[in-house]
Amino acid sequence: MLTVRYFAGARAAASGTSFEMVEASDLDELIQVLVDRHGERLALVLKAASFLVDGLTCHDRAAALPEGVTVDILPPFAGG
């Protein structure tokens with residue numbers, strides 16, 4: 001199991017869920033599980049989101065996710 005934490009627009013797209021436990025072996029599988037749970041609104045956010053695995057940016061969606069890690073989902077932020 002992994003812990004998934006949602007921030008900003010990702011939290012809103014996941015119906016206000018701030019975190020949840022998920023079983024997934026890599027980011028691709030995690031994304032599919034989350035879209036199945038929360039729908040297309042979250043799918044749109046996930047296409048542009050950044051993923052932190054135990055605090056480190058992860059760009060390789062096929063990289064293995066070890067048991068017990070925390071995955072943070074950060075949508076793009078606006079600002080100036």
# chains A, B, ... in the order shown; residues from 1 in each chain; ligands from 1

$ residues_around --residues "A:His38" --least-positions-apart "2" --cutoff "8 Å" --atoms "only C-alpha atoms" --output "ChimeraX atom specification"
/A:13-15,34-36,40-42

$ residues_around --residues "stretch 48-62 of chain A" --least-positions-apart "2" --cutoff "7 Å" --atoms "only C-alpha atoms" --output "list in words"
Asp26, Leu27, Asp28, Val45, Leu46, Ala64, Val69, Thr70, Val71, Asp72, Ile73, Leu74, Pro75 and Pro76 of chain A

$ atom_distance --atom1 "atom CA of A:Ala12" --atom2 "atom CA of A:Val33"
17.2 Å

$ select_by_dssp --residues "chain A" --states "strand (DSSP E or B)" --output "number ranges by chain"
A: 2-6, 19-22, 26, 50-53, 56-57, 64, 70-74

$ write_last_selection --atoms "C-alpha atoms" --output "PDB file, in the first residue's frame"
ATOM      1  CA  LEU A   2       1.032   3.598  -0.653  1.00  0.00           C
ATOM      2  CA  THR A   3      -0.244   6.855   0.701  1.00  0.00           C
ATOM      3  CA  VAL A   4      -1.448   9.341  -1.909  1.00  0.00           C
ATOM      4  CA  ARG A   5      -1.759  12.975  -0.846  1.00  0.00           C
ATOM      5  CA  TYR A   6      -3.650  15.505  -2.951  1.00  0.00           C
ATOM      6  CA  PHE A  19      -5.165  11.547   1.225  1.00  0.00           C
ATOM      7  CA  GLU A  20      -5.955   7.883   0.697  1.00  0.00           C
ATOM      8  CA  MET A  21      -4.308   4.485   0.653  1.00  0.00           C
ATOM      9  CA  VAL A  22      -3.803   2.841  -2.741  1.00  0.00           C
ATOM     10  CA  ASP A  26       4.130   2.289 -10.565  1.00  0.00           C
ATOM     11  CA  SER A  50       3.813  16.692 -10.858  1.00  0.00           C
ATOM     12  CA  PHE A  51       4.412  13.658  -8.664  1.00  0.00           C
ATOM     13  CA  LEU A  52       6.668  13.525  -5.632  1.00  0.00           C
ATOM     14  CA  VAL A  53       7.619  10.103  -4.300  1.00  0.00           C
ATOM     15  CA  LEU A  56      11.509  13.548  -4.665  1.00  0.00           C
ATOM     16  CA  THR A  57      10.197  14.489  -8.096  1.00  0.00           C
ATOM     17  CA  ALA A  64       8.530   0.939  -9.342  1.00  0.00           C
ATOM     18  CA  THR A  70       4.034   8.548  -0.033  1.00  0.00           C
ATOM     19  CA  VAL A  71       3.085  10.010  -3.405  1.00  0.00           C
ATOM     20  CA  ASP A  72       2.182  13.704  -3.461  1.00  0.00           C
ATOM     21  CA  ILE A  73       0.114  14.971  -6.393  1.00  0.00           C
ATOM     22  CA  LEU A  74       0.791  18.611  -7.198  1.00  0.00           C
TER      23      LEU A  74
END

$ select_by_dssp --residues "chain A" --states "alpha helix (DSSP H)" --output "count of residues only"
26

$ closest_residue --among "A:Gly68, A:Phe77, A:Ala24, A:Glu29" --to "A:Ala10" --atoms "only C-alpha atoms"
A:Phe77

$ atom_distance --atom1 "atom CA of A:Phe7" --atom2 "atom CA of A:Ala63"
22.1 Å

$ atom_distance --atom1 "atom CA of A:Leu44" --atom2 "atom CA of A:Ile31"
10.9 Å

$ decode --residues "chain A" --atoms "C-alpha atoms" --output "mmCIF file, in the first residue's frame"
data_model
loop_
_atom_site.group_PDB
_atom_site.id
_atom_site.type_symbol
_atom_site.label_atom_id
_atom_site.label_comp_id
_atom_site.auth_asym_id
_atom_site.auth_seq_id
_atom_site.Cartn_x
_atom_site.Cartn_y
_atom_site.Cartn_z
ATOM 1 C CA MET A 1 0.000 0.000 0.000
ATOM 2 C CA LEU A 2 1.032 3.598 -0.653
ATOM 3 C CA THR A 3 -0.244 6.855 0.701
ATOM 4 C CA VAL A 4 -1.448 9.341 -1.909
ATOM 5 C CA ARG A 5 -1.759 12.975 -0.846
ATOM 6 C CA TYR A 6 -3.650 15.505 -2.951
ATOM 7 C CA PHE A 7 -2.880 19.226 -3.061
ATOM 8 C CA ALA A 8 -4.804 22.265 -4.371
ATOM 9 C CA GLY A 9 -6.764 21.478 -7.562
ATOM 10 C CA ALA A 10 -5.966 17.767 -7.290
ATOM 11 C CA ARG A 11 -7.740 17.688 -3.928
ATOM 12 C CA ALA A 12 -10.763 19.453 -5.415
ATOM 13 C CA ALA A 13 -10.825 17.040 -8.371
ATOM 14 C CA ALA A 14 -10.724 14.098 -5.925
ATOM 15 C CA SER A 15 -13.921 15.371 -4.257
ATOM 16 C CA GLY A 16 -12.052 17.012 -1.392
ATOM 17 C CA THR A 17 -10.069 13.923 -0.428
ATOM 18 C CA SER A 18 -6.770 15.004 1.117
ATOM 19 C CA PHE A 19 -5.165 11.547 1.225
ATOM 20 C CA GLU A 20 -5.955 7.883 0.697
ATOM 21 C CA MET A 21 -4.308 4.485 0.653
ATOM 22 C CA VAL A 22 -3.803 2.841 -2.741
ATOM 23 C CA GLU A 23 -2.206 -0.307 -4.120
ATOM 24 C CA ALA A 24 -0.144 0.323 -7.262
ATOM 25 C CA SER A 25 3.216 -0.835 -8.543
ATOM 26 C CA ASP A 26 4.130 2.289 -10.565
ATOM 27 C CA LEU A 27 2.787 5.763 -11.388
ATOM 28 C CA ASP A 28 0.979 4.576 -14.529
ATOM 29 C CA GLU A 29 -0.970 2.027 -12.490
ATOM 30 C CA LEU A 30 -1.545 4.548 -9.710
ATOM 31 C CA ILE A 31 -2.984 7.065 -12.159
ATOM 32 C CA GLN A 32 -5.363 4.455 -13.557
ATOM 33 C CA VAL A 33 -6.545 3.429 -10.083
ATOM 34 C CA LEU A 34 -7.152 7.064 -9.121
ATOM 35 C CA VAL A 35 -9.044 7.844 -12.339
ATOM 36 C CA ASP A 36 -11.195 4.748 -11.802
ATOM 37 C CA ARG A 37 -12.000 5.957 -8.271
ATOM 38 C CA HIS A 38 -12.499 9.672 -8.916
ATOM 39 C CA GLY A 39 -13.314 10.089 -12.604
ATOM 40 C CA GLU A 40 -12.411 12.267 -15.537
ATOM 41 C CA ARG A 41 -12.093 15.515 -13.607
ATOM 42 C CA LEU A 42 -9.104 14.075 -11.742
ATOM 43 C CA ALA A 43 -7.779 12.537 -14.970
ATOM 44 C CA LEU A 44 -7.451 16.028 -16.456
ATOM 45 C CA VAL A 45 -5.537 17.261 -13.419
ATOM 46 C CA LEU A 46 -3.238 14.230 -13.421
ATOM 47 C CA LYS A 47 -2.196 14.869 -17.037
ATOM 48 C CA ALA A 48 -0.521 18.118 -15.971
ATOM 49 C CA ALA A 49 0.405 17.231 -12.381
ATOM 50 C CA SER A 50 3.813 16.692 -10.858
ATOM 51 C CA PHE A 51 4.412 13.658 -8.664
ATOM 52 C CA LEU A 52 6.668 13.525 -5.632
ATOM 53 C CA VAL A 53 7.619 10.103 -4.300
ATOM 54 C CA ASP A 54 8.757 10.436 -0.698
ATOM 55 C CA GLY A 55 9.559 14.088 -1.430
ATOM 56 C CA LEU A 56 11.509 13.548 -4.665
ATOM 57 C CA THR A 57 10.197 14.489 -8.096
ATOM 58 C CA CYS A 58 9.445 11.428 -10.218
ATOM 59 C CA HIS A 59 9.157 11.808 -14.000
ATOM 60 C CA ASP A 60 9.414 8.091 -14.860
ATOM 61 C CA ARG A 61 5.869 6.786 -14.699
ATOM 62 C CA ALA A 62 7.066 3.195 -15.124
ATOM 63 C CA ALA A 63 9.442 3.342 -12.132
ATOM 64 C CA ALA A 64 8.530 0.939 -9.342
ATOM 65 C CA LEU A 65 6.788 2.373 -6.289
ATOM 66 C CA PRO A 66 8.045 0.569 -3.192
ATOM 67 C CA GLU A 67 5.607 -0.497 -0.504
ATOM 68 C CA GLY A 68 4.872 2.235 2.019
ATOM 69 C CA VAL A 69 5.957 5.291 0.016
ATOM 70 C CA THR A 70 4.034 8.548 -0.033
ATOM 71 C CA VAL A 71 3.085 10.010 -3.405
ATOM 72 C CA ASP A 72 2.182 13.704 -3.461
ATOM 73 C CA ILE A 73 0.114 14.971 -6.393
ATOM 74 C CA LEU A 74 0.791 18.611 -7.198
ATOM 75 C CA PRO A 75 -1.180 20.273 -9.971
ATOM 76 C CA PRO A 76 0.355 23.228 -11.806
ATOM 77 C CA PHE A 77 0.139 26.411 -9.767
ATOM 78 C CA ALA A 78 -0.664 29.846 -11.154
ATOM 79 C CA GLY A 79 1.099 32.892 -9.901
ATOM 80 C CA GLY A 80 3.209 35.778 -10.793
#
